[in-house]
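Heads up, protein_33.pdb below (PDB, C-alpha atoms and all ligand atoms):
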ATOM      1  CA  MET A   5       2.794  18.100   3.710
ATOM      2  CA  MET A   6       3.210  17.049   7.298
ATOM      3  CA  GLU A   7       4.129  13.491   8.195
ATOM      4  CA  ALA A   8       0.938  12.917  10.184
ATOM      5  CA  THR A   9      -1.475  13.711   7.338
ATOM      6  CA  GLN A  10       0.664  11.629   5.005
ATOM      7  CA  MET A  11       0.269   8.705   7.376
ATOM      8  CA  LEU A  12      -3.505   9.129   7.371
ATOM      9  CA  MET A  13      -3.611   9.393   3.592
ATOM     10  CA  SER A  14      -1.706   6.154   3.143
ATOM     11  CA  GLU A  15      -4.214   4.483   5.478
ATOM     12  CA  HIS A  16      -6.986   5.893   3.278
ATOM     13  CA  ARG A  17      -5.513   4.013   0.328
ATOM     14  CA  VAL A  18      -5.822   0.726   2.254
ATOM     15  CA  ILE A  19      -9.411   1.526   3.283
ATOM     16  CA  GLU A  20     -10.280   2.298  -0.349
ATOM     17  CA  ARG A  21      -9.066  -1.131  -1.437
ATOM     18  CA  VAL A  22     -11.463  -2.771   1.020
ATOM     19  CA  ILE A  23     -14.303  -0.454  -0.039
ATOM     20  CA  GLN A  24     -13.800  -1.537  -3.620
ATOM     21  CA  ALA A  25     -13.776  -5.220  -2.669
ATOM     22  CA  LEU A  26     -16.932  -4.654  -0.632
ATOM     23  CA  GLU A  27     -18.693  -3.005  -3.575
ATOM     24  CA  ILE A  28     -17.769  -5.877  -5.878
ATOM     25  CA  ALA A  29     -19.063  -8.442  -3.392
ATOM     26  CA  ALA A  30     -22.291  -6.507  -2.722
ATOM     27  CA  LYS A  31     -22.998  -6.166  -6.435
ATOM     28  CA  ARG A  32     -22.380  -9.873  -6.938
ATOM     29  CA  LEU A  33     -24.853 -10.644  -4.193
ATOM     30  CA  ASP A  34     -27.311  -8.248  -5.820
ATOM     31  CA  GLN A  35     -27.029 -10.171  -9.084
ATOM     32  CA  GLY A  36     -28.112 -13.266  -7.226
ATOM     33  CA  SER A  37     -24.687 -14.882  -7.061
ATOM     34  CA  PRO A  38     -23.576 -16.495  -3.818
ATOM     35  CA  VAL A  39     -21.059 -14.630  -1.704
ATOM     36  CA  ARG A  40     -19.718 -16.138   1.512
ATOM     37  CA  PRO A  41     -21.459 -14.416   4.470
ATOM     38  CA  GLY A  42     -18.078 -14.427   6.189
ATOM     39  CA  PHE A  43     -16.791 -12.043   3.535
ATOM     40  CA  PHE A  44     -19.023  -9.298   4.928
ATOM     41  CA  MET A  45     -18.161 -10.217   8.500
ATOM     42  CA  ASP A  46     -14.442 -10.100   7.682
ATOM     43  CA  ALA A  47     -14.965  -6.744   5.960
ATOM     44  CA  SER A  48     -16.746  -5.413   9.039
ATOM     45  CA  ASP A  49     -13.878  -6.713  11.201
ATOM     46  CA  PHE A  50     -11.475  -4.755   9.003
ATOM     47  CA  ILE A  51     -13.587  -1.609   9.190
ATOM     48  CA  LYS A  52     -14.005  -1.891  12.952
ATOM     49  CA  GLY A  53     -10.381  -2.748  13.648
ATOM     50  CA  PHE A  54      -8.539  -0.708  11.046
ATOM     51  CA  ALA A  55     -10.767   2.093   9.738
ATOM     52  CA  ASP A  56     -12.321   2.815  13.130
ATOM     53  CA  GLY A  57      -9.558   1.422  15.307
ATOM     54  CA  CYS A  58      -6.152   2.313  13.885
ATOM     55  CA  HIS A  59      -7.347   5.146  11.681
ATOM     56  CA  HIS A  60     -10.259   7.071  13.175
ATOM     57  CA  LYS A  61      -8.627   6.867  16.589
ATOM     58  CA  LYS A  62      -5.772   8.973  15.202
ATOM     59  CA  GLU A  63      -8.149  11.435  13.583
ATOM     60  CA  GLU A  64     -10.671  11.807  16.384
ATOM     61  CA  GLY A  65      -8.320  11.442  19.336
ATOM     62  CA  VAL A  66      -5.369  13.459  18.027
ATOM     63  CA  LEU A  67      -5.631  15.387  14.745
ATOM     64  CA  PHE A  68      -9.135  16.810  15.169
ATOM     65  CA  LYS A  69      -8.330  17.798  18.761
ATOM     66  CA  ALA A  70      -5.181  19.577  17.595
ATOM     67  CA  LEU A  71      -7.197  21.430  14.931
ATOM     68  CA  VAL A  72      -9.753  22.597  17.481
ATOM     69  CA  GLU A  73      -6.950  23.688  19.846
ATOM     70  CA  SER A  74      -5.463  25.662  16.968
ATOM     71  CA  GLY A  75      -8.660  27.565  16.340
ATOM     72  CA  MET A  76     -10.902  25.416  14.168
ATOM     73  CA  PRO A  77     -14.475  25.572  15.446
ATOM     74  CA  ILE A  78     -15.712  22.361  17.052
ATOM     75  CA  GLN A  79     -19.305  22.955  15.978
ATOM     76  CA  GLY A  80     -20.497  23.823  12.517
ATOM     77  CA  GLY A  81     -17.065  23.317  10.968
ATOM     78  CA  PRO A  82     -15.411  20.541   8.967
ATOM     79  CA  VAL A  83     -14.425  18.634  12.120
ATOM     80  CA  ALA A  84     -18.088  18.286  13.120
ATOM     81  CA  VAL A  85     -18.942  16.990   9.641
ATOM     82  CA  MET A  86     -16.105  14.442   9.744
ATOM     83  CA  LEU A  87     -17.160  13.218  13.208
ATOM     84  CA  TYR A  88     -20.752  12.866  12.065
ATOM     85  CA  GLU A  89     -19.693  10.867   9.019
ATOM     86  CA  HIS A  90     -17.521   8.567  11.152
ATOM     87  CA  GLU A  91     -20.621   7.919  13.257
ATOM     88  CA  GLN A  92     -22.756   7.199  10.179
ATOM     89  CA  GLY A  93     -20.071   4.806   8.936
ATOM     90  CA  ARG A  94     -20.148   2.905  12.214
ATOM     91  CA  ALA A  95     -23.937   2.571  11.962
ATOM     92  CA  PHE A  96     -23.771   1.186   8.385
ATOM     93  CA  THR A  97     -21.044  -1.246   9.430
ATOM     94  CA  ARG A  98     -23.033  -2.517  12.412
ATOM     95  CA  ALA A  99     -26.131  -2.977  10.244
ATOM     96  CA  MET A 100     -24.135  -4.781   7.524
ATOM     97  CA  ARG A 101     -22.596  -7.171  10.021
ATOM     98  CA  GLU A 102     -25.872  -7.863  11.738
ATOM     99  CA  ALA A 103     -27.516  -8.654   8.374
ATOM    100  CA  ALA A 104     -24.551 -10.801   7.247
ATOM    101  CA  GLU A 105     -25.034 -12.963  10.329
ATOM    102  CA  ARG A 106     -28.596 -13.702   9.175
ATOM    103  CA  LEU A 107     -27.726 -14.117   5.498
ATOM    104  CA  GLU A 108     -28.260 -17.864   5.379
ATOM    105  CA  THR A 109     -31.413 -18.003   7.486
ATOM    106  CA  ASP A 110     -33.373 -14.814   6.822
ATOM    107  CA  PRO A 111     -34.532 -13.957   3.273
ATOM    108  CA  THR A 112     -34.667 -10.236   4.086
ATOM    109  CA  ALA A 113     -30.998 -10.166   5.112
ATOM    110  CA  ARG A 114     -29.595 -10.108   1.575
ATOM    111  CA  ALA A 115     -31.071  -6.708   0.701
ATOM    112  CA  ALA A 116     -29.882  -5.289   4.034
ATOM    113  CA  VAL A 117     -26.309  -6.526   3.479
ATOM    114  CA  ILE A 118     -26.225  -5.029  -0.010
ATOM    115  CA  GLU A 119     -27.773  -1.717   1.002
ATOM    116  CA  ASN A 120     -25.537  -1.140   4.021
ATOM    117  CA  ALA A 121     -22.372  -2.274   2.231
ATOM    118  CA  LEU A 122     -23.012   0.119  -0.666
ATOM    119  CA  GLU A 123     -24.077   2.977   1.611
ATOM    120  CA  TYR A 124     -20.894   2.532   3.633
ATOM    121  CA  ALA A 125     -18.732   2.417   0.525
ATOM    122  CA  GLY A 126     -20.329   5.555  -0.942
ATOM    123  CA  LEU A 127     -20.106   7.445   2.339
ATOM    124  CA  LEU A 128     -16.473   6.574   2.942
ATOM    125  CA  ARG A 129     -15.362   7.367  -0.598
ATOM    126  CA  GLN A 130     -16.631  10.931  -0.460
ATOM    127  CA  HIS A 131     -15.517  11.267   3.185
ATOM    128  CA  ILE A 132     -11.953  10.288   2.302
ATOM    129  CA  GLN A 133     -11.983  12.707  -0.636
ATOM    130  CA  LYS A 134     -12.983  15.559   1.681
ATOM    131  CA  GLU A 135     -10.272  14.704   4.194
ATOM    132  CA  ASP A 136      -7.545  14.302   1.581
ATOM    133  CA  GLY A 137      -8.637  17.283  -0.504
ATOM    134  CA  VAL A 138      -9.847  19.799   2.073
ATOM    135  CA  LEU A 139      -9.292  18.963   5.743
ATOM    136  CA  PHE A 140      -5.709  17.686   5.585
ATOM    137  CA  PRO A 141      -4.428  20.599   3.461
ATOM    138  CA  MET A 142      -6.136  22.899   6.012
ATOM    139  CA  ALA A 143      -4.393  21.044   8.827
ATOM    140  CA  ASP A 144      -1.045  21.397   7.081
ATOM    141  CA  ARG A 145      -1.540  25.180   6.909
ATOM    142  CA  LEU A 146      -3.148  25.683  10.298
ATOM    143  CA  LEU A 147      -1.018  23.621  12.667
ATOM    144  CA  PRO A 148       2.227  25.196  13.841
ATOM    145  CA  LEU A 149       5.330  23.054  13.360
ATOM    146  CA  GLU A 150       5.559  22.180  17.039
ATOM    147  CA  LYS A 151       1.986  20.936  17.053
ATOM    148  CA  GLN A 152       2.559  18.929  13.865
ATOM    149  CA  GLN A 153       5.430  17.126  15.537
ATOM    150  CA  GLN A 154       3.273  16.409  18.573
ATOM    151  CA  VAL A 155       0.530  14.947  16.356
ATOM    152  CA  THR A 156       3.031  12.648  14.640
ATOM    153  CA  GLU A 157       4.389  11.500  18.007
ATOM    154  CA  ASP A 158       0.881  10.840  19.293
ATOM    155  CA  PHE A 159       0.119   8.788  16.169
ATOM    156  CA  GLU A 160       3.197   6.675  16.776
ATOM    157  CA  HIS A 161       2.164   6.235  20.388
ATOM    158  CA  ILE A 162      -1.291   5.017  19.301
ATOM    159  CA  GLU A 163       0.274   2.520  16.887
ATOM    160  CA  GLN A 164       2.695   1.134  19.465
ATOM    161  CA  GLU A 165       0.769   1.318  22.718
ATOM    162  CA  GLU A 166      -2.935   1.229  21.951
ATOM    163  CA  THR A 167      -3.212  -0.593  18.652
ATOM    164  CA  GLY A 168      -0.325  -2.901  19.484
ATOM    165  CA  GLU A 169       2.564  -4.516  17.683
ATOM    166  CA  GLY A 170       1.681  -6.368  14.481
ATOM    167  CA  VAL A 171      -1.968  -5.298  14.443
ATOM    168  CA  HIS A 172      -1.511  -2.877  11.546
ATOM    169  CA  GLU A 173       0.144  -5.667   9.525
ATOM    170  CA  LYS A 174      -2.651  -8.075  10.407
ATOM    171  CA  TYR A 175      -5.214  -5.701   8.913
ATOM    172  CA  LEU A 176      -3.107  -5.075   5.812
ATOM    173  CA  ALA A 177      -3.108  -8.836   5.236
ATOM    174  CA  LEU A 178      -6.877  -8.945   5.763
ATOM    175  CA  ALA A 179      -7.367  -6.125   3.224
ATOM    176  CA  GLU A 180      -5.340  -8.100   0.703
ATOM    177  CA  ALA A 181      -7.309 -11.286   1.353
ATOM    178  CA  LEU A 182     -10.626  -9.454   0.883
ATOM    179  CA  GLU A 183      -9.359  -7.919  -2.351
ATOM    180  CA  ARG A 184      -8.311 -11.328  -3.660
ATOM    181  CA  GLU A 185     -11.584 -12.930  -2.662
ATOM    182  CA  ALA A 186     -13.637 -10.195  -4.358
ATOM    183  CA  ALA A 187     -11.600 -10.534  -7.556
ATOM    184  CA  HIS A 188     -12.113 -14.278  -7.431
ATOM    185  CA  THR A 189     -15.915 -14.011  -7.135
ATOM    186  CA  VAL A 190     -15.850 -12.036 -10.394
ATOM    187  CA  THR A 191     -13.692 -14.428 -12.416
ATOM    188  CA  GLU A 192     -15.846 -17.303 -11.190
ATOM    189  CA  ALA A 193     -18.923 -15.836 -12.876
TER     190      ALA A 193
HETATM  191 FE    FE A 201      -9.775   9.385   7.501
END
Please, can you express the file's structure as structure tokens?
Amino acid sequence: MMEATQMLMSEHRVIERVIQALEIAAKRLDQGSPVRPGFFMDASDFIKGFADGCHHKKEEGVLFKALVESGMPIQGGPVAVMLYEHEQGRAFTRAMREAAERLETDPTARAAVIENALEYAGLLRQHIQKEDGVLFPMADRLLPLEKQQQVTEDFEHIEQEETGEGVHEKYLALAEALEREAAHTVTEA
């Protein structure tokens, strides 16, 4: 497997940890237990900064482009589906954050937080499975070695230049904090 897809897959594992924490927190809220509104805002910060920032930037800006250049159709193919799902994910995240901001003042906000958090989690789980199980193996077969090396270099460039030093680590720490907080809300019950 090429280095670039491996990098993306290890980022998927981090995203999955946050998805799980988000599901736990949303279910707790659904059972009528209090969950800090900031939990959902922090989770949306993670999604925006890491899943959409660090991660989807590599997929959309580099890997998907390389696949299309190597012959994968831009419309009607797996790349179009992945792009559409990224867009859906952004919409769920925006709606979750917007509802979380109203959680303490608007009685309708709770249902909206829960619904959008769970929709996001469900969407991303199956999305990640498709990338890991179908798209990335296709990329490994389709991209010539030279192109694979270019993709890896472009990923490193994104990490260093666009995302910035220490940002990746900051989000890893945030993922861990969200995981701990979600586990804590359960043991408190
Ligand atoms: Fe991905």
To verify the selection step, state as a list in words which residues the PyMOL selection byres (((chain A and resi 32-39) around 9) and not hetatm) yields on this input.
Glu27, Ile28, Ala29, Ala30, Lys31, Arg40, Pro41, Gly42, Phe43, Phe44, Arg114, Ala115, Val117, Ile118, Thr189, Val190 and Ala193 of chain A
Keeping only C-alpha atoms, write the selected residues as a compact mmCIF listing (two decimals), in the frame of the given file.
# COMPACT_ATOMS: atom_id res chain seq x y z
CA GLU A 27 -18.69 -3.00 -3.58
CA ILE A 28 -17.77 -5.88 -5.88
CA ALA A 29 -19.06 -8.44 -3.39
CA ALA A 30 -22.29 -6.51 -2.72
CA LYS A 31 -23.00 -6.17 -6.44
CA ARG A 40 -19.72 -16.14 1.51
CA PRO A 41 -21.46 -14.42 4.47
CA GLY A 42 -18.08 -14.43 6.19
CA PHE A 43 -16.79 -12.04 3.54
CA PHE A 44 -19.02 -9.30 4.93
CA ARG A 114 -29.60 -10.11 1.58
CA ALA A 115 -31.07 -6.71 0.70
CA VAL A 117 -26.31 -6.53 3.48
CA ILE A 118 -26.22 -5.03 -0.01
CA THR A 189 -15.92 -14.01 -7.14
CA VAL A 190 -15.85 -12.04 -10.39
CA ALA A 193 -18.92 -15.84 -12.88
How would you write, as an NGL selection string, the residues chosen by the PyMOL selection byres (((chain A and resi 85-87) around 10) and not hetatm) on this structure?
:A and (60 or 63-64 or 68 or 78-84 or 88-93 or 131-132 or 134-135 or 139)
So for range 47-59 of chain A, what box centre and size do we get, axis-aligned, 6 Å extra on each of the six sides, every listed atom, Å to one decimal, as lines of an AutoDock Vina configuration file?
center_x = -11.4
center_y = -0.8
center_z = 10.6
size_x = 22.6
size_y = 23.9
size_z = 21.3
Pick the closest to ligand FE 201 (chain A) from A:Gln164, A:Gln130, A:Thr97, A:Gln154: which is it, counting all atoms listed in the file?
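Once distances to ligand FE 201 (chain A) are computed over all atoms listed in the file, the minimum belongs to A:Gln130.
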Between A:Val138, A:Met5, A:Leu12, A:Ala104, smallest distance to ligand FE 201 (chain A) by all atoms listed in the file belongs to A:Leu12
Given the file shown, enumerate the residues that the PyMOL selection byres (((chain A and resi 21) around 12) and not hetatm) captures and present them as JSON, numbers by chain.
{"A": [14, 15, 16, 17, 18, 19, 20, 22, 23, 24, 25, 26, 27, 28, 47, 50, 51, 55, 125, 128, 129, 175, 176, 177, 178, 179, 180, 181, 182, 183, 184, 186, 187]}
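With CA of Pro141 in chain A on one side and CA of Gln10 in chain A on the other, the separation reads 10.4 Å.
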Between CA of His59 in chain A and CA of Glu102 in chain A, what is the spacing in Å?
22.6 Å
Provide the CA of Val155 in chain A to CA of Ala70 in chain A distance in Å, to one decimal place.
7.5 Å
Do you know which residues are at most 10 Å from Asp158 in chain A counting only C-alpha atoms, after dropping those on the same chain fewer than 4 positions away, and could you put them as a VMD selection string?
chain A and resid 8 62 65 to 67 152 to 154 162 to 164
Rank A:Gly57, A:Glu173, A:Ser48, A:Arg145 by their smallest atom-to-atom distance to Asn120 in chain A, using only C-alpha atoms, and report the top residue only.
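Once distances to Asn120 in chain A are computed over only C-alpha atoms, the minimum belongs to A:Ser48.
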In terms of all atoms listed in the file, the residue from A:Leu122, A:Met142, A:Cys58, A:Leu71 at minimal distance from ligand FE 201 (chain A) is A:Cys58
Which of A:Ala113, A:Ala143, A:Leu127, A:Ala103 sits closest to Glu7 in chain A [using only C-alpha atoms]:
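Of the candidates, the smallest distance to Glu7 in chain A is held by A:Ala143.
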Using only C-alpha atoms, find the one residue out of A:Phe159, A:Ala121, A:Pro77, A:Gln133 that sits nearest to Met11 in chain A.
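Ranked by minimum distance to Met11 in chain A, first place goes to A:Phe159.
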Would you list the contacts of Arg94 in chain A as a list in words, taking every protein, DNA or RNA residue within 9 Å and counting only C-alpha atoms, but skipping same-chain residues closer than 6 positions in sequence?
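Within the cut-off, the hits are Ile51, Lys52, Asp56 and Tyr124 of chain A.
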Could the residues in this selection be saved with C-alpha atoms as a CSV table (one decimal), in the frame of the given file?
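Printed below is again09.csv as written:
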chain,number,residue,atom,x,y,z
A,51,ILE,CA,-13.6,-1.6,9.2
A,52,LYS,CA,-14.0,-1.9,13.0
A,56,ASP,CA,-12.3,2.8,13.1
A,124,TYR,CA,-20.9,2.5,3.6
